[in-house]
Amino acid sequence: MVNNKTNETYSIQTINLTKRFTKKRHRGVFGFLRKNQSENKPKEKDNITVALNKVDINIRPGELFGLLGPNGSGKTTMIKCLSTILIPDEGTATINGFDINKETSMVRASLGMVVGGERTLYWKLTARDNLMYFSSLYKMKKQHAKKRIEELLETFKLSDRADERLEDYSTGMRQKVAIARALLHDPPILLLDEPTLGLDPSFSRQIRKQVRELSEKQGKTVLLTTHYMDEADQLCDRVAFINNGNIVAVDTPNRLKAMVKDKELVEIAIYCPPEDVEKHIRSLLPDVEVIKLIPGDESSGTLSRIKIIGETAEENVSAVIDMLRKKNVRIGGLNVGVPTLEDVFIKLTGTKLSEGVMA
Amino acid sequence: MTENAYQQSLLRGNLYVIWNELVKNIKSLLAYPTIIVFWAIFPVFWFIPFILQGQAFVGGLESANFAQITGTGEYIPFIVIGAVLNSYVNTLLYGIGENIRKEAYQGTLDYVLVAPCNQVYVLIGKALSESLSSTIFAVSQLTLSVLLFGMNITLGVILPVFFTIILLILGLYGMALILTAFSLMYKQSYDLSETIGYIFYIFAPVRYPIESLPNWAQILGKLIPLTYALIIVRSLILLGSDLSTVYSEVTLFLIIDVILLVTGFYLFNWMEKKTRKSGTISHY
């Protein structure tokens, strides 16, 4: 593994990290002929998406840090900038004390990455062949690589099927191989982008346990992105909320939840939410701060949820339930007064964090 | 900073990257067993149209007119050498760009890019694996030519021919780097490589001597590395020359290789940086 450059205070530090993307306008095959025909062309700035906006984050060695945000909030862009796949437009970051713009080789040697899930391995090769190939890209000696691969296969309980092609593996097993690949060169820092996305509950639990152990027992610094608030709550030492490329808040899960502790919180799980349900509740409770419907996916057993935050929310919950019953809405559950990270996110941004719940 | 205790030396590490890339590509290729059938059958059947064509035109496999232009009347060995060397063009030009595109499609490109090794060695490994099928094809074709048509390949010729093929691979590697750079930027290099392949096929003396082309086309043909490879290898095998008699072609060949390699490296690094900046590097 690569040791620290010096005795750095932070394993990961971003300074004004900014990344913008220009959206391409698709004009068709002969679009260039029409280039000057439109007088009301949108200006270039209208086509720019700010994926990361002057992000400042400091992550300490051995910390398990969660980056929480909805889809498209900038989580993956952040990971890709830190791993040198993308070059930031402004600002910089250091990984293990190495600058991502100037010392790319040392940055790359200092981190292991899991981005994109199972579709990032060679499915026509075995798990062992995949790991052997990637060990060579990290210039590991063959004998050492072989020993390390055996250790990792054992750790992830893949030894029995190590010589089977990945096309015969389940999604969860492939994700384990992806994490093993990130650990091959024993890096001090891990960047994990939605590592449990699409996994069944059993594999998700196993992956979360492994991640926790990597931080606690092996002292690795982990930057974990997720949109599962329960996952971040359970695993992370600290959490940052990211929305539209901006860091909205950074703190421990408990301190973040304390931000809404003095608020009244109601969560009602329902089947088949009727149209304009938020508007109907708003007419009943005009003084509450937030009323948000978080759509579920009933086919996978996830109910839709109505979040109500603010004074008078709890005392008026019976009125809301009566209204829902009158509209023949089946109620699946009621939760009063227990704040989650999602409540904090909704309060801070006014937008929902995710459409599902952790598997 | 303390270096990794189990890291390999620079040279050994780079060679190991090339070797593992080669092994990975071969294993992936052999995952589709029908490729073996293609390799076994194609070289044998490939001859048949040329034998029939030659017989229809000149009533046999030798032509006095052909001998007057090329110095050899043997039509089939001339064509075999053209086909063998042109197959390197096909596999290297099409293969590497498509290989990179495939990596982006299957999601593995990001992981190759974030590794601390120099990515150029990964591309060399890809070039070698792409050349492998051409080399199998070349060996089969030449063996059949010796057995069926009495082509004379002496042991003394093998080394200079091998040297010429290396020069050809280097030049094509430079071109492949240029196409890979376009593949990173525009996510499609197939059409461009197909066009270049056809330009090579027409302006380089693959199926006819370069003297058959009009003067302006001959000048164009002499900018193509394949032209020099064909002239040199045919001189060595069919006319019994040695490298000293074709030294001017070898020198020009080397100059073109250097230009292509330098341009290729520059363009690849430039496009890689540009696509990292624009955020499109792993798009497909």
# chains A, B, ... in the order shown; residues from 1 in each chain; ligands from 1
>>> closest_atom_pairs(of="chain B", to="chain A", cutoff="10 Å", atoms="only C-alpha atoms", output="JSON lines")
{"residue": "B:Met1", "atom": "CA", "partner": "A:Lys5", "partner_atom": "CA", "distance": 4.4}
{"residue": "B:Thr2", "atom": "CA", "partner": "A:Asn3", "partner_atom": "CA", "distance": 5.7}
{"residue": "B:Glu3", "atom": "CA", "partner": "A:Val2", "partner_atom": "CA", "distance": 6.1}
{"residue": "B:Asn4", "atom": "CA", "partner": "A:Met1", "partner_atom": "CA", "distance": 5.2}
{"residue": "B:Ala5", "atom": "CA", "partner": "A:Met1", "partner_atom": "CA", "distance": 7.5}
{"residue": "B:Tyr6", "atom": "CA", "partner": "A:Lys141", "partner_atom": "CA", "distance": 6.1}
{"residue": "B:Gln7", "atom": "CA", "partner": "A:Met140", "partner_atom": "CA", "distance": 5.0}
{"residue": "B:Gln8", "atom": "CA", "partner": "A:Lys141", "partner_atom": "CA", "distance": 5.6}
{"residue": "B:Ser9", "atom": "CA", "partner": "A:Lys139", "partner_atom": "CA", "distance": 8.3}
{"residue": "B:Leu10", "atom": "CA", "partner": "A:Lys139", "partner_atom": "CA", "distance": 8.4}
{"residue": "B:Arg12", "atom": "CA", "partner": "A:Lys139", "partner_atom": "CA", "distance": 8.6}
{"residue": "B:Gly13", "atom": "CA", "partner": "A:Lys139", "partner_atom": "CA", "distance": 5.1}
{"residue": "B:Asn14", "atom": "CA", "partner": "A:Lys139", "partner_atom": "CA", "distance": 7.6}
{"residue": "B:Leu15", "atom": "CA", "partner": "A:Ser136", "partner_atom": "CA", "distance": 9.6}
{"residue": "B:Tyr16", "atom": "CA", "partner": "A:Ser136", "partner_atom": "CA", "distance": 6.3}
{"residue": "B:Val17", "atom": "CA", "partner": "A:Ser136", "partner_atom": "CA", "distance": 5.4}
{"residue": "B:Ile18", "atom": "CA", "partner": "A:Ser136", "partner_atom": "CA", "distance": 8.9}
{"residue": "B:Trp19", "atom": "CA", "partner": "A:Ser136", "partner_atom": "CA", "distance": 9.0}
{"residue": "B:Asn20", "atom": "CA", "partner": "A:Tyr133", "partner_atom": "CA", "distance": 5.8}
{"residue": "B:Glu21", "atom": "CA", "partner": "A:Tyr133", "partner_atom": "CA", "distance": 7.1}
{"residue": "B:Leu22", "atom": "CA", "partner": "A:Tyr133", "partner_atom": "CA", "distance": 9.9}
{"residue": "B:Val23", "atom": "CA", "partner": "A:Tyr133", "partner_atom": "CA", "distance": 8.5}
{"residue": "B:Lys24", "atom": "CA", "partner": "A:Tyr133", "partner_atom": "CA", "distance": 6.9}
{"residue": "B:Asn25", "atom": "CA", "partner": "A:Leu125", "partner_atom": "CA", "distance": 9.7}
{"residue": "B:Lys27", "atom": "CA", "partner": "A:Leu125", "partner_atom": "CA", "distance": 7.1}
{"residue": "B:Ser28", "atom": "CA", "partner": "A:Lys124", "partner_atom": "CA", "distance": 5.8}
{"residue": "B:Leu29", "atom": "CA", "partner": "A:Lys124", "partner_atom": "CA", "distance": 8.8}
{"residue": "B:Leu30", "atom": "CA", "partner": "A:Lys124", "partner_atom": "CA", "distance": 9.3}
{"residue": "B:Ala31", "atom": "CA", "partner": "A:Lys124", "partner_atom": "CA", "distance": 6.4}
{"residue": "B:Tyr32", "atom": "CA", "partner": "A:Lys124", "partner_atom": "CA", "distance": 9.1}
{"residue": "B:Glu103", "atom": "CA", "partner": "A:Thr120", "partner_atom": "CA", "distance": 8.9}
{"residue": "B:Ala104", "atom": "CA", "partner": "A:Thr120", "partner_atom": "CA", "distance": 9.3}
{"residue": "B:Tyr105", "atom": "CA", "partner": "A:Arg119", "partner_atom": "CA", "distance": 9.3}
{"residue": "B:Gln106", "atom": "CA", "partner": "A:Arg119", "partner_atom": "CA", "distance": 6.1}
{"residue": "B:Gly107", "atom": "CA", "partner": "A:Thr120", "partner_atom": "CA", "distance": 4.4}
{"residue": "B:Thr108", "atom": "CA", "partner": "A:Thr120", "partner_atom": "CA", "distance": 4.6}
{"residue": "B:Leu109", "atom": "CA", "partner": "A:Thr120", "partner_atom": "CA", "distance": 8.1}
{"residue": "B:Asp110", "atom": "CA", "partner": "A:Ile85", "partner_atom": "CA", "distance": 6.8}
{"residue": "B:Tyr111", "atom": "CA", "partner": "A:Thr120", "partner_atom": "CA", "distance": 7.7}
{"residue": "B:Val112", "atom": "CA", "partner": "A:Leu137", "partner_atom": "CA", "distance": 7.4}
{"residue": "B:Leu113", "atom": "CA", "partner": "A:Ile85", "partner_atom": "CA", "distance": 6.8}
{"residue": "B:Val114", "atom": "CA", "partner": "A:Arg108", "partner_atom": "CA", "distance": 5.8}
{"residue": "B:Ala115", "atom": "CA", "partner": "A:Leu137", "partner_atom": "CA", "distance": 5.8}
{"residue": "B:Pro116", "atom": "CA", "partner": "A:Ser105", "partner_atom": "CA", "distance": 4.8}
{"residue": "B:Cys117", "atom": "CA", "partner": "A:Leu137", "partner_atom": "CA", "distance": 5.5}
{"residue": "B:Asn118", "atom": "CA", "partner": "A:Leu137", "partner_atom": "CA", "distance": 8.5}
{"residue": "B:Gln119", "atom": "CA", "partner": "A:Leu137", "partner_atom": "CA", "distance": 8.9}
{"residue": "B:Tyr121", "atom": "CA", "partner": "A:Leu137", "partner_atom": "CA", "distance": 9.6}
{"residue": "B:Val122", "atom": "CA", "partner": "A:Leu137", "partner_atom": "CA", "distance": 8.4}
{"residue": "B:Glu272", "atom": "CA", "partner": "A:Ile85", "partner_atom": "CA", "distance": 9.9}
{"residue": "B:Lys273", "atom": "CA", "partner": "A:Ile87", "partner_atom": "CA", "distance": 8.0}
{"residue": "B:Lys274", "atom": "CA", "partner": "A:Ile87", "partner_atom": "CA", "distance": 9.0}
{"residue": "B:Thr275", "atom": "CA", "partner": "A:Leu86", "partner_atom": "CA", "distance": 8.1}
{"residue": "B:Arg276", "atom": "CA", "partner": "A:Leu86", "partner_atom": "CA", "distance": 4.5}
{"residue": "B:Lys277", "atom": "CA", "partner": "A:Ile87", "partner_atom": "CA", "distance": 4.9}
{"residue": "B:Ser278", "atom": "CA", "partner": "A:Phe21", "partner_atom": "CA", "distance": 6.6}
{"residue": "B:Gly279", "atom": "CA", "partner": "A:Leu86", "partner_atom": "CA", "distance": 5.9}
{"residue": "B:Thr280", "atom": "CA", "partner": "A:Leu86", "partner_atom": "CA", "distance": 8.7}
{"residue": "B:Ile281", "atom": "CA", "partner": "A:Ile85", "partner_atom": "CA", "distance": 7.8}
{"residue": "B:Ser282", "atom": "CA", "partner": "A:Ile85", "partner_atom": "CA", "distance": 8.5}
>>> residues_around(residues="Thr155 in chain A", least_positions_apart="5", cutoff="10 Å", atoms="only C-alpha atoms", output="list in words")
Ile149, Glu150, Lys176, Ala180 and Gln210 of chain A
>>> write_last_selection(atoms="C-alpha atoms", output="PDB file, in the first residue's frame")
ATOM      1  CA  ILE A 149      -6.255 -12.296  -4.164  1.00  0.00           C
ATOM      2  CA  GLU A 150      -6.596 -15.493  -2.098  1.00  0.00           C
ATOM      3  CA  LYS A 176     -18.234  -8.291  -3.855  1.00  0.00           C
ATOM      4  CA  ALA A 180     -12.287  -6.879  -3.650  1.00  0.00           C
ATOM      5  CA  GLN A 210     -17.632  -5.279   5.284  1.00  0.00           C
TER       6      GLN A 210
END
>>> residues_around(residues="Gly72 in chain A", least_positions_apart="3", cutoff="10 Å", atoms="only C-alpha atoms", output="list of chain:residue names")
A:Ala51, A:Gly69, A:Lys75, A:Thr76, A:Thr77, A:Ile242, A:Asn243, A:Asn244, A:Gly245
>>> write_last_selection(atoms="C-alpha atoms", output="PDB file, in the first residue's frame")
ATOM      1  CA  ALA A  51     -22.461  19.410 -11.020  1.00  0.00           C
ATOM      2  CA  GLY A  69     -28.055  13.316  -1.983  1.00  0.00           C
ATOM      3  CA  LYS A  75     -22.265  12.505  -5.795  1.00  0.00           C
ATOM      4  CA  THR A  76     -20.770  10.479  -8.644  1.00  0.00           C
ATOM      5  CA  THR A  77     -19.134  13.563 -10.178  1.00  0.00           C
ATOM      6  CA  ILE A 242     -25.351  17.447  -1.339  1.00  0.00           C
ATOM      7  CA  ASN A 243     -28.050  18.996  -3.497  1.00  0.00           C
ATOM      8  CA  ASN A 244     -27.594  20.422  -7.013  1.00  0.00           C
ATOM      9  CA  GLY A 245     -23.820  20.371  -6.546  1.00  0.00           C
TER      10      GLY A 245
END
>>> residues_around(residues="Leu239 in chain B", least_positions_apart="6", cutoff="12 Å", atoms="only C-alpha atoms", output="ChimeraX atom specification")
/B:67,70-74,77-78,151-153,157,231-233,245-246
>>> select_by_dssp(residues="range 94-278 of chain B", states="helix (DSSP H, G or I)", output="ChimeraX atom specification")
/B:94-106,109-113,119-149,155-186,190-203,210-212,215-221,225-237,243-278
>>> closest_residue(among="B:Gly82, B:Gly54, B:Gly125, B:Pro225", to="Val250 in chain B", atoms="only C-alpha atoms")
B:Pro225
>>> select_by_dssp(residues="range 39-222 of chain A", states="strand (DSSP E)", output="JSON, numbers by chain")
{"A": [48, 49, 50, 51, 52, 53, 54, 55, 56, 57, 58, 59, 64, 65, 66, 67, 68, 90, 91, 92, 93, 94, 95, 98, 99, 111, 112, 113, 114, 189, 190, 191, 192, 193, 221, 222]}
>>> atom_distance(atom1="CA of Ile202 in chain B", atom2="CA of Gly221 in chain B")
8.4 Å
>>> atom_distance(atom1="CA of Leu224 in chain A", atom2="CA of Pro295 in chain A")
24.5 Å
>>> decode(residues="range 304-324 of chain A", atoms="N, CA and C atoms", output="PDB file, in the first residue's frame")
ATOM      1  N   SER A 304     -45.610   4.313  -0.602  1.00  0.00           N
ATOM      2  CA  SER A 304     -45.385   5.759  -0.689  1.00  0.00           C
ATOM      3  C   SER A 304     -45.519   6.339   0.714  1.00  0.00           C
ATOM      4  N   ARG A 305     -44.801   7.440   0.947  1.00  0.00           N
ATOM      5  CA  ARG A 305     -44.826   8.023   2.284  1.00  0.00           C
ATOM      6  C   ARG A 305     -45.121   9.518   2.208  1.00  0.00           C
ATOM      7  N   ILE A 306     -45.944   9.973   3.160  1.00  0.00           N
ATOM      8  CA  ILE A 306     -46.203  11.414   3.261  1.00  0.00           C
ATOM      9  C   ILE A 306     -45.450  11.921   4.484  1.00  0.00           C
ATOM     10  N   LYS A 307     -44.577  12.905   4.261  1.00  0.00           N
ATOM     11  CA  LYS A 307     -43.811  13.483   5.372  1.00  0.00           C
ATOM     12  C   LYS A 307     -44.435  14.826   5.732  1.00  0.00           C
ATOM     13  N   ILE A 308     -44.738  15.020   7.003  1.00  0.00           N
ATOM     14  CA  ILE A 308     -45.263  16.307   7.454  1.00  0.00           C
ATOM     15  C   ILE A 308     -44.352  16.798   8.587  1.00  0.00           C
ATOM     16  N   ILE A 309     -43.761  17.960   8.404  1.00  0.00           N
ATOM     17  CA  ILE A 309     -42.839  18.506   9.412  1.00  0.00           C
ATOM     18  C   ILE A 309     -43.311  19.908   9.787  1.00  0.00           C
ATOM     19  N   GLY A 310     -43.385  20.166  11.091  1.00  0.00           N
ATOM     20  CA  GLY A 310     -43.725  21.523  11.529  1.00  0.00           C
ATOM     21  C   GLY A 310     -44.673  21.506  12.709  1.00  0.00           C
ATOM     22  N   GLU A 311     -44.836  22.671  13.314  1.00  0.00           N
ATOM     23  CA  GLU A 311     -45.737  22.775  14.463  1.00  0.00           C
ATOM     24  C   GLU A 311     -47.146  22.375  14.052  1.00  0.00           C
ATOM     25  N   THR A 312     -47.872  21.794  14.949  1.00  0.00           N
ATOM     26  CA  THR A 312     -49.257  21.324  14.770  1.00  0.00           C
ATOM     27  C   THR A 312     -49.371  20.076  13.901  1.00  0.00           C
ATOM     28  N   ALA A 313     -48.234  19.510  13.471  1.00  0.00           N
ATOM     29  CA  ALA A 313     -48.300  18.308  12.621  1.00  0.00           C
ATOM     30  C   ALA A 313     -48.878  17.126  13.398  1.00  0.00           C
ATOM     31  N   GLU A 314     -48.371  16.934  14.637  1.00  0.00           N
ATOM     32  CA  GLU A 314     -48.798  15.765  15.403  1.00  0.00           C
ATOM     33  C   GLU A 314     -50.255  15.881  15.859  1.00  0.00           C
ATOM     34  N   GLU A 315     -50.638  17.068  16.300  1.00  0.00           N
ATOM     35  CA  GLU A 315     -52.002  17.193  16.836  1.00  0.00           C
ATOM     36  C   GLU A 315     -53.057  17.081  15.735  1.00  0.00           C
ATOM     37  N   ASN A 316     -52.648  17.322  14.483  1.00  0.00           N
ATOM     38  CA  ASN A 316     -53.622  17.261  13.390  1.00  0.00           C
ATOM     39  C   ASN A 316     -53.550  15.981  12.566  1.00  0.00           C
ATOM     40  N   VAL A 317     -52.743  15.026  13.057  1.00  0.00           N
ATOM     41  CA  VAL A 317     -52.551  13.812  12.262  1.00  0.00           C
ATOM     42  C   VAL A 317     -53.873  13.066  12.027  1.00  0.00           C
ATOM     43  N   SER A 318     -54.776  13.105  13.064  1.00  0.00           N
ATOM     44  CA  SER A 318     -56.057  12.390  12.907  1.00  0.00           C
ATOM     45  C   SER A 318     -56.892  12.993  11.784  1.00  0.00           C
ATOM     46  N   ALA A 319     -56.805  14.309  11.618  1.00  0.00           N
ATOM     47  CA  ALA A 319     -57.554  14.962  10.536  1.00  0.00           C
ATOM     48  C   ALA A 319     -57.039  14.510   9.167  1.00  0.00           C
ATOM     49  N   VAL A 320     -55.725  14.341   9.089  1.00  0.00           N
ATOM     50  CA  VAL A 320     -55.121  13.902   7.817  1.00  0.00           C
ATOM     51  C   VAL A 320     -55.560  12.470   7.502  1.00  0.00           C
ATOM     52  N   ILE A 321     -55.538  11.622   8.546  1.00  0.00           N
ATOM     53  CA  ILE A 321     -55.928  10.225   8.338  1.00  0.00           C
ATOM     54  C   ILE A 321     -57.403  10.134   7.926  1.00  0.00           C
ATOM     55  N   ASP A 322     -58.242  10.933   8.563  1.00  0.00           N
ATOM     56  CA  ASP A 322     -59.671  10.950   8.187  1.00  0.00           C
ATOM     57  C   ASP A 322     -59.835  11.336   6.726  1.00  0.00           C
ATOM     58  N   MET A 323     -59.090  12.362   6.313  1.00  0.00           N
ATOM     59  CA  MET A 323     -59.180  12.825   4.935  1.00  0.00           C
ATOM     60  C   MET A 323     -58.756  11.712   3.963  1.00  0.00           C
ATOM     61  N   LEU A 324     -57.679  11.004   4.326  1.00  0.00           N
ATOM     62  CA  LEU A 324     -57.186   9.922   3.458  1.00  0.00           C
ATOM     63  C   LEU A 324     -58.212   8.790   3.380  1.00  0.00           C
TER      64      LEU A 324
END
